[in-house]
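As stored in final09.cif (mmCIF, C-alpha atoms and all ligand atoms):
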```cif
data_entry
#
loop_
_atom_site.label_atom_id
_atom_site.label_comp_id
_atom_site.auth_asym_id
_atom_site.auth_seq_id
_atom_site.Cartn_x
_atom_site.Cartn_y
_atom_site.Cartn_z
CA MET A 1 128.76 70.92 91.84
CA THR A 2 125.10 71.45 91.13
CA ASN A 3 123.21 74.63 90.43
CA THR A 4 121.96 74.75 94.02
CA GLN A 5 125.54 75.15 95.20
CA LEU A 6 125.90 78.46 93.40
CA ARG A 7 124.64 81.16 95.70
CA LEU A 8 122.86 83.45 93.28
CA LYS A 9 121.56 86.89 94.11
CA PRO A 10 119.44 88.10 91.18
CA LEU A 11 119.72 91.80 90.45
CA PRO A 12 116.62 93.87 91.34
CA ARG A 13 115.35 93.40 87.77
CA PRO A 14 116.59 91.18 84.93
CA PRO A 15 119.02 90.60 83.45
CA GLY A 16 121.77 89.45 85.77
CA ALA A 17 122.63 87.73 89.03
CA GLU A 18 125.57 88.04 91.37
CA VAL A 19 127.35 84.81 92.32
CA LEU A 20 128.14 85.23 96.01
CA ASP A 21 131.27 84.00 97.80
CA PHE A 22 132.68 82.11 94.87
CA ASP A 23 136.30 81.67 93.87
CA ALA A 24 136.26 80.98 90.13
CA SER A 25 139.97 80.07 89.92
CA GLY A 26 139.39 76.32 90.27
CA LEU A 27 136.19 76.18 88.25
CA GLY A 28 135.85 72.79 86.56
CA ALA A 29 133.43 71.24 84.11
CA GLU A 30 130.67 70.77 86.72
CA GLY A 31 130.93 74.33 87.95
CA ALA A 32 130.76 75.56 84.37
CA GLU A 33 127.69 73.38 83.80
CA ALA A 34 126.00 74.97 86.81
CA MET A 35 126.91 78.42 85.54
CA MET A 36 125.59 77.71 82.05
CA THR A 37 122.29 76.65 83.63
CA ALA A 38 122.25 79.86 85.68
CA LEU A 39 123.14 81.89 82.59
CA ALA A 40 120.23 80.38 80.66
CA GLU A 41 117.99 81.94 83.31
CA HIS A 42 119.80 85.17 84.22
CA GLY A 43 121.81 86.01 81.09
CA LEU A 44 124.65 87.61 83.06
CA LEU A 45 126.67 86.44 86.07
CA ILE A 46 128.74 88.84 88.16
CA LEU A 47 131.59 87.48 90.28
CA ARG A 48 133.33 90.02 92.50
CA ASP A 49 136.80 89.95 94.05
CA GLN A 50 138.37 87.30 91.81
CA LYS A 51 142.12 86.79 91.58
CA LEU A 52 142.78 85.11 88.25
CA THR A 53 145.88 84.61 86.18
CA PRO A 54 145.43 84.73 82.40
CA ALA A 55 145.98 80.94 82.35
CA GLU A 56 143.17 80.48 84.88
CA LEU A 57 140.83 82.71 82.87
CA VAL A 58 141.55 80.60 79.79
CA ALA A 59 141.02 77.34 81.72
CA ILE A 60 137.71 78.58 83.17
CA SER A 61 136.46 79.70 79.76
CA ARG A 62 137.42 76.42 78.13
CA ASN A 63 135.03 74.58 80.45
CA PHE A 64 132.16 76.40 78.73
CA GLY A 65 133.10 75.15 75.26
CA GLU A 66 135.42 75.77 72.35
CA LEU A 67 137.37 79.03 72.65
CA GLU A 68 136.87 81.57 69.91
CA PRO A 69 140.07 82.98 68.44
CA PRO A 70 140.05 86.80 68.78
CA THR A 71 139.55 88.60 65.44
CA ARG A 72 142.41 91.08 66.03
CA ASP A 73 145.48 89.22 67.23
CA GLN A 74 147.66 92.30 67.71
CA PHE A 75 145.86 92.91 71.02
CA CYS A 76 146.13 89.43 72.46
CA LEU A 77 148.40 88.45 75.32
CA PRO A 78 151.52 87.07 73.63
CA GLU A 79 151.71 84.07 75.96
CA HIS A 80 147.91 83.53 75.92
CA PRO A 81 146.61 84.33 72.43
CA GLU A 82 143.07 83.35 73.50
CA VAL A 83 142.98 86.42 75.76
CA PHE A 84 142.04 89.69 74.07
CA VAL A 85 143.07 92.88 75.88
CA VAL A 86 140.79 95.91 76.04
CA SER A 87 142.86 98.84 77.28
CA ASN A 88 143.90 102.46 76.78
CA VAL A 89 147.33 101.79 78.33
CA VAL A 90 150.44 102.36 76.21
CA GLU A 91 153.64 100.60 77.25
CA ASN A 92 156.98 101.33 75.57
CA GLY A 93 155.15 103.29 72.89
CA ARG A 94 152.86 100.38 72.05
CA PRO A 95 149.14 100.12 72.97
CA ILE A 96 148.71 96.97 75.03
CA GLY A 97 145.10 96.56 73.95
CA LEU A 98 142.23 97.88 71.90
CA ALA A 99 141.34 101.30 73.28
CA ASN A 100 138.17 101.92 71.28
CA ASP A 101 135.03 101.33 73.27
CA ASP A 102 132.15 99.69 71.51
CA LEU A 103 129.49 102.25 72.32
CA ALA A 104 126.78 100.71 70.13
CA TRP A 105 124.38 98.10 71.51
CA HIS A 106 125.17 94.67 70.12
CA THR A 107 125.48 90.94 70.67
CA ASP A 108 128.95 89.49 70.16
CA GLN A 109 130.00 88.26 66.71
CA THR A 110 126.54 88.04 65.17
CA TYR A 111 128.26 87.94 61.77
CA PHE A 112 129.72 84.48 62.46
CA ALA A 113 127.90 81.35 61.29
CA ARG A 114 128.34 80.15 64.89
CA PRO A 115 128.22 83.34 66.95
CA THR A 116 129.72 83.71 70.42
CA ALA A 117 127.79 81.87 73.12
CA TYR A 118 129.62 83.11 76.22
CA THR A 119 131.78 86.18 76.74
CA PHE A 120 134.07 86.61 79.76
CA LEU A 121 135.35 90.02 80.83
CA TYR A 122 137.82 90.23 83.70
CA GLY A 123 138.74 93.60 85.17
CA ILE A 124 142.42 94.14 86.00
CA GLU A 125 142.43 97.94 86.23
CA THR A 126 139.12 99.76 86.03
CA PRO A 127 138.38 103.50 85.88
CA ARG A 128 136.90 105.09 89.00
CA GLU A 129 134.34 106.81 86.80
CA GLY A 130 132.75 105.78 83.52
CA ALA A 131 133.49 102.65 81.48
CA ASP A 132 130.32 100.99 82.77
CA THR A 133 129.17 98.01 80.72
CA LEU A 134 125.45 98.11 79.94
CA PHE A 135 123.28 95.01 79.55
CA CYS A 136 119.71 94.32 78.50
CA GLU A 137 117.81 91.19 77.49
CA THR A 138 115.42 90.41 74.64
CA TYR A 139 113.45 87.45 76.07
CA SER A 140 110.83 89.70 77.68
CA LEU A 141 110.90 91.86 74.57
CA TYR A 142 109.76 88.84 72.54
CA GLU A 143 107.24 87.76 75.17
CA GLY A 144 105.80 91.29 75.21
CA LEU A 145 104.99 91.30 71.48
CA ASP A 146 101.31 90.91 70.62
CA GLN A 147 100.30 87.69 68.91
CA ALA A 148 99.89 89.31 65.48
CA THR A 149 103.47 90.64 65.59
CA ARG A 150 104.80 87.27 66.76
CA ASP A 151 102.97 85.57 63.90
CA ARG A 152 104.22 88.17 61.42
CA TYR A 153 107.89 87.61 62.31
CA ALA A 154 107.82 83.87 63.02
CA GLY A 155 110.38 82.27 60.72
CA ILE A 156 111.73 85.60 59.46
CA LYS A 157 115.49 85.67 58.94
CA ILE A 158 117.95 88.47 59.58
CA GLU A 159 121.12 89.10 57.62
CA PHE A 160 124.24 90.34 59.39
CA SER A 161 126.91 91.86 57.21
CA HIS A 162 130.49 92.36 58.36
CA ARG A 163 131.02 94.49 55.23
CA LYS A 164 128.13 96.86 56.05
CA LEU A 165 129.34 97.10 59.63
CA HIS A 166 132.58 98.60 58.31
CA GLY A 167 130.83 100.86 55.78
CA GLY A 168 131.92 98.63 52.89
CA ASN A 169 135.52 99.33 53.84
CA VAL A 170 136.90 95.78 54.07
CA SER A 171 139.62 93.94 52.20
CA PRO A 172 138.77 91.06 49.81
CA GLU A 173 140.51 88.77 52.33
CA GLN A 174 138.23 89.97 55.16
CA GLU A 175 135.20 89.70 52.94
CA ALA A 176 136.08 86.10 52.18
CA ARG A 177 136.73 85.42 55.88
CA TYR A 178 133.46 87.02 57.06
CA PRO A 179 130.76 86.53 54.42
CA ASP A 180 127.27 87.81 55.20
CA VAL A 181 125.36 85.39 57.42
CA VAL A 182 121.66 84.75 57.89
CA HIS A 183 120.16 83.85 61.28
CA PRO A 184 116.62 83.59 62.65
CA LEU A 185 115.24 86.81 64.15
CA VAL A 186 113.44 84.78 66.81
CA ARG A 187 116.08 82.67 68.47
CA THR A 188 115.61 79.74 70.85
CA HIS A 189 117.92 79.17 73.80
CA PRO A 190 119.40 75.65 73.55
CA ILE A 191 119.16 74.99 77.31
CA SER A 192 115.97 76.76 78.42
CA GLY A 193 114.04 76.67 75.13
CA ARG A 194 113.09 80.30 75.82
CA LYS A 195 112.66 82.51 72.77
CA SER A 196 114.33 85.88 72.32
CA LEU A 197 114.88 88.40 69.56
CA TYR A 198 118.27 88.39 67.88
CA PHE A 199 119.00 91.56 65.94
CA GLY A 200 122.68 92.48 66.33
CA ARG A 201 123.70 96.01 65.46
CA ARG A 202 121.31 98.30 63.69
CA LYS A 203 124.05 99.26 61.22
CA HIS A 204 124.64 95.81 59.71
CA ALA A 205 121.28 94.09 60.11
CA THR A 206 118.60 93.60 57.44
CA LEU A 207 115.37 91.65 57.80
CA LEU A 208 114.78 89.34 54.85
CA ASP A 209 111.46 88.69 53.10
CA VAL A 210 109.91 91.78 54.71
CA PRO A 211 109.30 95.06 52.79
CA VAL A 212 112.38 97.26 53.29
CA GLU A 213 110.60 100.09 55.10
CA GLU A 214 108.68 97.77 57.39
CA GLY A 215 111.85 95.81 58.26
CA ALA A 216 113.82 98.98 58.97
CA ALA A 217 111.04 100.42 61.14
CA PHE A 218 110.75 97.17 63.14
CA LEU A 219 114.52 97.01 63.69
CA ASP A 220 114.52 100.66 64.80
CA TRP A 221 111.72 99.89 67.24
CA LEU A 222 113.50 96.78 68.58
CA ASN A 223 116.74 98.69 69.06
CA GLU A 224 115.06 101.56 70.89
CA THR A 225 112.77 99.43 73.01
CA ALA A 226 115.25 96.74 74.10
CA SER A 227 117.59 99.26 75.71
CA ARG A 228 115.10 101.68 77.23
CA PRO A 229 116.64 102.91 80.51
CA ASP A 230 114.21 100.89 82.64
CA ARG A 231 115.41 97.68 80.95
CA VAL A 232 119.14 98.27 81.37
CA TYR A 233 121.63 97.15 84.01
CA ALA A 234 124.78 99.31 84.16
CA HIS A 235 127.73 97.43 85.62
CA LYS A 236 130.13 99.65 87.57
CA TRP A 237 133.48 97.92 87.44
CA ARG A 238 135.87 97.14 90.27
CA PRO A 239 139.23 95.43 89.79
CA GLY A 240 138.73 91.68 90.25
CA ASP A 241 135.25 91.65 88.69
CA LEU A 242 134.57 88.72 86.39
CA LEU A 243 131.51 89.09 84.19
CA ILE A 244 130.20 86.15 82.19
CA TRP A 245 127.29 86.63 79.86
CA ASP A 246 125.26 84.41 77.59
CA ASN A 247 124.99 86.22 74.26
CA ARG A 248 121.74 84.47 73.38
CA GLY A 249 118.95 86.86 74.25
CA MET A 250 121.40 89.43 75.62
CA ARG A 251 122.70 92.75 74.34
CA HIS A 252 125.45 94.95 75.73
CA SER A 253 127.23 98.23 75.16
CA ALA A 254 130.29 100.00 76.50
CA THR A 255 130.19 103.54 77.88
CA PRO A 256 132.95 106.15 77.63
CA TYR A 257 135.51 107.20 80.24
CA ASP A 258 138.27 109.79 80.50
CA LYS A 259 141.14 108.11 78.67
CA GLU A 260 143.58 110.89 79.61
CA LYS A 261 143.01 110.48 83.34
CA GLU A 262 142.01 106.86 83.84
CA ARG A 263 143.60 103.48 83.10
CA ARG A 264 141.55 100.52 81.97
CA ILE A 265 142.85 97.00 81.48
CA VAL A 266 140.24 94.30 80.91
CA TYR A 267 140.81 90.77 79.61
CA ARG A 268 138.27 89.11 77.35
CA THR A 269 137.77 85.52 76.28
CA SER A 270 134.93 84.10 74.19
CA VAL A 271 133.37 80.72 73.65
CA VAL A 272 131.84 79.64 70.33
CA GLY A 273 128.13 78.82 70.31
CA GLU A 274 125.75 76.77 68.21
CA VAL A 275 124.30 77.69 64.83
CA PRO A 276 121.33 79.82 65.98
CA PHE A 277 117.91 78.22 65.63
FE FE A 301 130.80 93.06 72.72
#
```
Would you mind writing the structure in this file as structure tokens?
Amino acid sequence: MTNTQLRLKPLPRPPGAEVLDFDASGLGAEGAEAMMTALAEHGLLILRDQKLTPAELVAISRNFGELEPPTRDQFCLPEHPEVFVVSNVVENGRPIGLANDDLAWHTDQTYFARPTAYTFLYGIETPREGADTLFCETYSLYEGLDQATRDRYAGIKIEFSHRKLHGGNVSPEQEARYPDVVHPLVRTHPISGRKSLYFGRRKHATLLDVPVEEGAAFLDWLNETASRPDRVYAHKWRPGDLLIWDNRGMRHSATPYDKEKERRIVYRTSVVGEVPF
């Protein structure tokens, strides 16, 4: 399969494109290749009306690269530990997944030396209201900077701290497992060569070699500007939706829903990326 065989319908404004009339269940290496090319351009692919088993979701994801083991294994499918369950459903007194929504804008696993490249979310049961997933991109944010600002931040590094993310409340074992990492603030996409701004969560990010106040003010500005309402796509979920996004140059956030009235079961898999450059 080549890229031209994917029927893409870009959303009215970036990021994102819908893949029309496509059954992902048999997706092989070539199909994944075509999707990775499309993701380099659109950041997010939306596939509606899929019927996937957990094994198929794992097989599809694996075509995009090395699977990333979930960080909290108590919420993985027992027979498919690569699949992380996001859910508010309790069965036999036990939560079947992680119920907490990540309501802060972020890019997945920025605190890894090799952060997530691709994230897959597959909707099994989705609330009728709320629980939208929000997306925005940071390529145009970078391209919109004036030349002086680009020059100022060229080569500047950003530190992501797992410890700060958890308010310093981590065990020595976790601290050893997730040491602070340093990545470039201006990141280059390995397929397209396009530059974006990579700044994770406000809470755990620090710009290095920049005066503290200046760095904090720039990060505040980036966080506010990237996700201005006119830059955001809000995905309204239906069961059978498969979302695949390229974490390079992309940010996302969950939104709340009524956990007393609604049921949400979403499967997630992740693929490891390159060391950012
Ligand atoms: Fe996330």
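Here atom FE of ligand FE 301 (chain A) is placed at a distance of 7.7 Å from atom CA of Gln109 of chain A.
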**OP:** Compare A:Trp245, A:Tyr142, A:Phe84, A:Tyr122 by their minimum atom-to-atom distance to Phe64 of chain A, counting only C-alpha atoms, and give me the closest one.
**Re:** A:Trp245
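Distances to Pro69 of chain A were evaluated for A:Gly26, A:Pro115, A:Gly43, A:Pro95 using all atoms listed in the file, and the minimum falls at A:Pro115.
Between atom CA of Lys9 of chain A and atom CA of Ala38 of chain A the separation is 11.0 Å.
With all atoms listed in the file as the atoms that count, the residue of A:Arg62, A:Arg263, A:Arg7, A:Arg150 with the shortest distance to Phe120 of chain A is A:Arg62.
The nearest approach to Gly31 of chain A among the residues A:Leu6, A:Ile191, A:Leu11, A:Leu52, with only C-alpha atoms taken into account, belongs to A:Leu6.
Remark: residues at most 7 Å from position (138.5, 87.7, 76.7) in file coordinates are Val83, Phe84, Val85, Thr119, Phe120, Leu121, Tyr267, Arg268, Thr269 and Ser270 of chain A, using all atoms listed in the file.
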Subject >> Environment of ligand FE 301 (chain A) within 7 Å, counting only C-alpha atoms and all ligand atoms, reported as a ChimeraX atom specification >> reply: /A:102,106-108,252-253
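For the pair atom CA of Leu47 of chain A and atom CA of Ala99 of chain A, the separation is 24.0 Å.
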For the point (138.1, 88.2, 65.5) in the file's frame, write as a short mmCIF file (atom, residue, chain, number, x, y, z; two decimals) with C-alpha atoms, keeping the file's coordinate frame all residues with an atom no more than 10 Å away, counting only C-alpha atoms.
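Below is the file that was written, result-v4.cif:
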```
data_model
loop_
_atom_site.label_atom_id
_atom_site.label_comp_id
_atom_site.auth_asym_id
_atom_site.auth_seq_id
_atom_site.Cartn_x
_atom_site.Cartn_y
_atom_site.Cartn_z
CA GLU A 68 136.87 81.57 69.91
CA PRO A 69 140.07 82.98 68.44
CA PRO A 70 140.05 86.80 68.78
CA THR A 71 139.55 88.60 65.44
CA ARG A 72 142.41 91.08 66.03
CA ASP A 73 145.48 89.22 67.23
CA PHE A 84 142.04 89.69 74.07
CA GLN A 109 130.00 88.26 66.71
CA PHE A 112 129.72 84.48 62.46
CA TYR A 178 133.46 87.02 57.06
#
```
Subject >> For Glu129 of chain A: contacts at 12 Å, only C-alpha atoms, fewer than 6 positions along chain excluded, given as a count of residues only >> reply: 13
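Using all atoms listed in the file for every distance, the candidate list A:Leu222, A:Val19, A:Leu243, A:Ile158 yields A:Ile158 as the residue closest to Leu208 of chain A.
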Original post:
Skipping near chain neighbours, those fewer than 5 positions away, what residues fall within 7 Å of Leu207 of chain A using all atoms listed in the file, listed as a ChimeraX atom specification?
Top reply: /A:157-159,215
May I have the residues within 8 Å of Glu137 of chain A as an mmCIF file with C-alpha atoms, keeping the file's coordinate frame, using all atoms listed in the file and disregarding those fewer than 6 positions away in the same chain?
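Written file, around-v6.cif:
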```cif
data_model
loop_
_atom_site.group_PDB
_atom_site.id
_atom_site.type_symbol
_atom_site.label_atom_id
_atom_site.label_comp_id
_atom_site.auth_asym_id
_atom_site.auth_seq_id
_atom_site.Cartn_x
_atom_site.Cartn_y
_atom_site.Cartn_z
ATOM 1 C CA PRO A 14 116.590 91.180 84.930
ATOM 2 C CA PRO A 15 119.020 90.600 83.450
ATOM 3 C CA GLY A 43 121.810 86.010 81.090
ATOM 4 C CA ALA A 226 115.250 96.740 74.100
ATOM 5 C CA ARG A 231 115.410 97.680 80.950
ATOM 6 C CA GLY A 249 118.950 86.860 74.250
ATOM 7 C CA MET A 250 121.400 89.430 75.620
ATOM 8 C CA ARG A 251 122.700 92.750 74.340
#
```
**OP:** Go through A:Gly93, A:Gly28, A:Gly16, A:Pro54 one by one, measure the shortest atom-to-atom distance of each to Val266 of chain A using only C-alpha atoms, and give the residue with the smallest value.
**Re:** A:Pro54
As a PDB file with C-alpha atoms, in the coordinates of the input, please: the residues near Lys203 of chain A (cut-off 12 Å, all atoms listed in the file, same-chain neighbours under 3 positions excluded).
```pdb
ATOM      1  CA  ALA A 104     126.780 100.710  70.130  1.00  0.00           C
ATOM      2  CA  TRP A 105     124.380  98.100  71.510  1.00  0.00           C
ATOM      3  CA  HIS A 106     125.170  94.670  70.120  1.00  0.00           C
ATOM      4  CA  GLU A 159     121.120  89.100  57.620  1.00  0.00           C
ATOM      5  CA  PHE A 160     124.240  90.340  59.390  1.00  0.00           C
ATOM      6  CA  SER A 161     126.910  91.860  57.210  1.00  0.00           C
ATOM      7  CA  HIS A 162     130.490  92.360  58.360  1.00  0.00           C
ATOM      8  CA  ARG A 163     131.020  94.490  55.230  1.00  0.00           C
ATOM      9  CA  LYS A 164     128.130  96.860  56.050  1.00  0.00           C
ATOM     10  CA  LEU A 165     129.340  97.100  59.630  1.00  0.00           C
ATOM     11  CA  HIS A 166     132.580  98.600  58.310  1.00  0.00           C
ATOM     12  CA  GLY A 167     130.830 100.860  55.780  1.00  0.00           C
ATOM     13  CA  GLY A 168     131.920  98.630  52.890  1.00  0.00           C
ATOM     14  CA  PHE A 199     119.000  91.560  65.940  1.00  0.00           C
ATOM     15  CA  GLY A 200     122.680  92.480  66.330  1.00  0.00           C
ATOM     16  CA  THR A 206     118.600  93.600  57.440  1.00  0.00           C
ATOM     17  CA  ALA A 216     113.820  98.980  58.970  1.00  0.00           C
ATOM     18  CA  LEU A 219     114.520  97.010  63.690  1.00  0.00           C
ATOM     19  CA  ASP A 220     114.520 100.660  64.800  1.00  0.00           C
ATOM     20  CA  ASN A 223     116.740  98.690  69.060  1.00  0.00           C
TER      21      ASN A 223
END
```
Output requested as a PDB file, in the coordinates of the input - segment 141-171 of chain A, filled out with N, CA and C atoms.
```pdb
ATOM      1  N   LEU A 141     111.293  91.044  75.730  1.00  0.00           N
ATOM      2  CA  LEU A 141     110.900  91.860  74.570  1.00  0.00           C
ATOM      3  C   LEU A 141     110.047  90.994  73.629  1.00  0.00           C
ATOM      4  N   TYR A 142     110.522  89.765  73.397  1.00  0.00           N
ATOM      5  CA  TYR A 142     109.760  88.840  72.540  1.00  0.00           C
ATOM      6  C   TYR A 142     108.419  88.507  73.186  1.00  0.00           C
ATOM      7  N   GLU A 143     108.469  88.183  74.474  1.00  0.00           N
ATOM      8  CA  GLU A 143     107.240  87.760  75.170  1.00  0.00           C
ATOM      9  C   GLU A 143     106.221  88.889  75.244  1.00  0.00           C
ATOM     10  N   GLY A 144     106.695  90.135  75.149  1.00  0.00           N
ATOM     11  CA  GLY A 144     105.800  91.290  75.210  1.00  0.00           C
ATOM     12  C   GLY A 144     105.155  91.646  73.874  1.00  0.00           C
ATOM     13  N   LEU A 145     105.594  90.997  72.796  1.00  0.00           N
ATOM     14  CA  LEU A 145     104.990  91.300  71.480  1.00  0.00           C
ATOM     15  C   LEU A 145     103.561  90.754  71.442  1.00  0.00           C
ATOM     16  N   ASP A 146     102.664  91.466  70.748  1.00  0.00           N
ATOM     17  CA  ASP A 146     101.310  90.910  70.620  1.00  0.00           C
ATOM     18  C   ASP A 146     101.350  89.724  69.644  1.00  0.00           C
ATOM     19  N   GLN A 147     100.301  88.936  69.689  1.00  0.00           N
ATOM     20  CA  GLN A 147     100.300  87.690  68.910  1.00  0.00           C
ATOM     21  C   GLN A 147     100.448  87.945  67.413  1.00  0.00           C
ATOM     22  N   ALA A 148      99.824  89.011  66.917  1.00  0.00           N
ATOM     23  CA  ALA A 148      99.890  89.310  65.480  1.00  0.00           C
ATOM     24  C   ALA A 148     101.335  89.594  65.064  1.00  0.00           C
ATOM     25  N   THR A 149     102.062  90.320  65.902  1.00  0.00           N
ATOM     26  CA  THR A 149     103.470  90.640  65.590  1.00  0.00           C
ATOM     27  C   THR A 149     104.315  89.363  65.666  1.00  0.00           C
ATOM     28  N   ARG A 150     104.059  88.549  66.670  1.00  0.00           N
ATOM     29  CA  ARG A 150     104.800  87.270  66.760  1.00  0.00           C
ATOM     30  C   ARG A 150     104.560  86.428  65.513  1.00  0.00           C
ATOM     31  N   ASP A 151     103.300  86.369  65.086  1.00  0.00           N
ATOM     32  CA  ASP A 151     102.970  85.570  63.900  1.00  0.00           C
ATOM     33  C   ASP A 151     103.651  86.165  62.658  1.00  0.00           C
ATOM     34  N   ARG A 152     103.648  87.483  62.586  1.00  0.00           N
ATOM     35  CA  ARG A 152     104.220  88.170  61.420  1.00  0.00           C
ATOM     36  C   ARG A 152     105.716  87.824  61.265  1.00  0.00           C
ATOM     37  N   TYR A 153     106.427  87.777  62.383  1.00  0.00           N
ATOM     38  CA  TYR A 153     107.890  87.610  62.310  1.00  0.00           C
ATOM     39  C   TYR A 153     108.355  86.182  62.628  1.00  0.00           C
ATOM     40  N   ALA A 154     107.430  85.274  62.803  1.00  0.00           N
ATOM     41  CA  ALA A 154     107.820  83.870  63.020  1.00  0.00           C
ATOM     42  C   ALA A 154     108.509  83.381  61.750  1.00  0.00           C
ATOM     43  N   GLY A 155     109.667  82.819  61.872  1.00  0.00           N
ATOM     44  CA  GLY A 155     110.380  82.270  60.720  1.00  0.00           C
ATOM     45  C   GLY A 155     111.128  83.285  59.877  1.00  0.00           C
ATOM     46  N   ILE A 156     111.021  84.570  60.229  1.00  0.00           N
ATOM     47  CA  ILE A 156     111.730  85.600  59.460  1.00  0.00           C
ATOM     48  C   ILE A 156     113.226  85.556  59.803  1.00  0.00           C
ATOM     49  N   LYS A 157     114.033  85.726  58.761  1.00  0.00           N
ATOM     50  CA  LYS A 157     115.490  85.670  58.940  1.00  0.00           C
ATOM     51  C   LYS A 157     116.070  87.079  58.927  1.00  0.00           C
ATOM     52  N   ILE A 158     117.244  87.185  59.534  1.00  0.00           N
ATOM     53  CA  ILE A 158     117.950  88.470  59.580  1.00  0.00           C
ATOM     54  C   ILE A 158     119.358  88.262  59.035  1.00  0.00           C
ATOM     55  N   GLU A 159     119.772  89.197  58.205  1.00  0.00           N
ATOM     56  CA  GLU A 159     121.120  89.100  57.620  1.00  0.00           C
ATOM     57  C   GLU A 159     122.045  90.043  58.380  1.00  0.00           C
ATOM     58  N   PHE A 160     123.220  89.522  58.751  1.00  0.00           N
ATOM     59  CA  PHE A 160     124.240  90.340  59.390  1.00  0.00           C
ATOM     60  C   PHE A 160     125.432  90.433  58.445  1.00  0.00           C
ATOM     61  N   SER A 161     125.848  91.658  58.182  1.00  0.00           N
ATOM     62  CA  SER A 161     126.910  91.860  57.210  1.00  0.00           C
ATOM     63  C   SER A 161     128.127  92.534  57.855  1.00  0.00           C
ATOM     64  N   HIS A 162     129.229  91.816  57.868  1.00  0.00           N
ATOM     65  CA  HIS A 162     130.490  92.360  58.360  1.00  0.00           C
ATOM     66  C   HIS A 162     130.922  93.544  57.487  1.00  0.00           C
ATOM     67  N   ARG A 163     130.645  93.437  56.181  1.00  0.00           N
ATOM     68  CA  ARG A 163     131.020  94.490  55.230  1.00  0.00           C
ATOM     69  C   ARG A 163     130.253  95.785  55.532  1.00  0.00           C
ATOM     70  N   LYS A 164     128.939  95.667  55.743  1.00  0.00           N
ATOM     71  CA  LYS A 164     128.130  96.860  56.050  1.00  0.00           C
ATOM     72  C   LYS A 164     128.545  97.476  57.375  1.00  0.00           C
ATOM     73  N   LEU A 165     128.920  96.626  58.307  1.00  0.00           N
ATOM     74  CA  LEU A 165     129.340  97.100  59.630  1.00  0.00           C
ATOM     75  C   LEU A 165     130.521  98.054  59.480  1.00  0.00           C
ATOM     76  N   HIS A 166     131.391  97.773  58.525  1.00  0.00           N
ATOM     77  CA  HIS A 166     132.580  98.600  58.310  1.00  0.00           C
ATOM     78  C   HIS A 166     132.388  99.556  57.132  1.00  0.00           C
ATOM     79  N   GLY A 167     131.126  99.894  56.833  1.00  0.00           N
ATOM     80  CA  GLY A 167     130.830 100.860  55.780  1.00  0.00           C
ATOM     81  C   GLY A 167     131.353 100.433  54.414  1.00  0.00           C
ATOM     82  N   GLY A 168     131.428  99.145  54.167  1.00  0.00           N
ATOM     83  CA  GLY A 168     131.920  98.630  52.890  1.00  0.00           C
ATOM     84  C   GLY A 168     133.437  98.642  52.794  1.00  0.00           C
ATOM     85  N   ASN A 169     134.073  99.130  53.851  1.00  0.00           N
ATOM     86  CA  ASN A 169     135.520  99.330  53.840  1.00  0.00           C
ATOM     87  C   ASN A 169     136.259  98.098  54.383  1.00  0.00           C
ATOM     88  N   VAL A 170     136.204  97.001  53.647  1.00  0.00           N
ATOM     89  CA  VAL A 170     136.900  95.780  54.070  1.00  0.00           C
ATOM     90  C   VAL A 170     137.714  95.218  52.902  1.00  0.00           C
ATOM     91  N   SER A 171     138.767  94.518  53.245  1.00  0.00           N
ATOM     92  CA  SER A 171     139.620  93.940  52.200  1.00  0.00           C
ATOM     93  C   SER A 171     138.946  92.688  51.621  1.00  0.00           C
TER      94      SER A 171
END
```
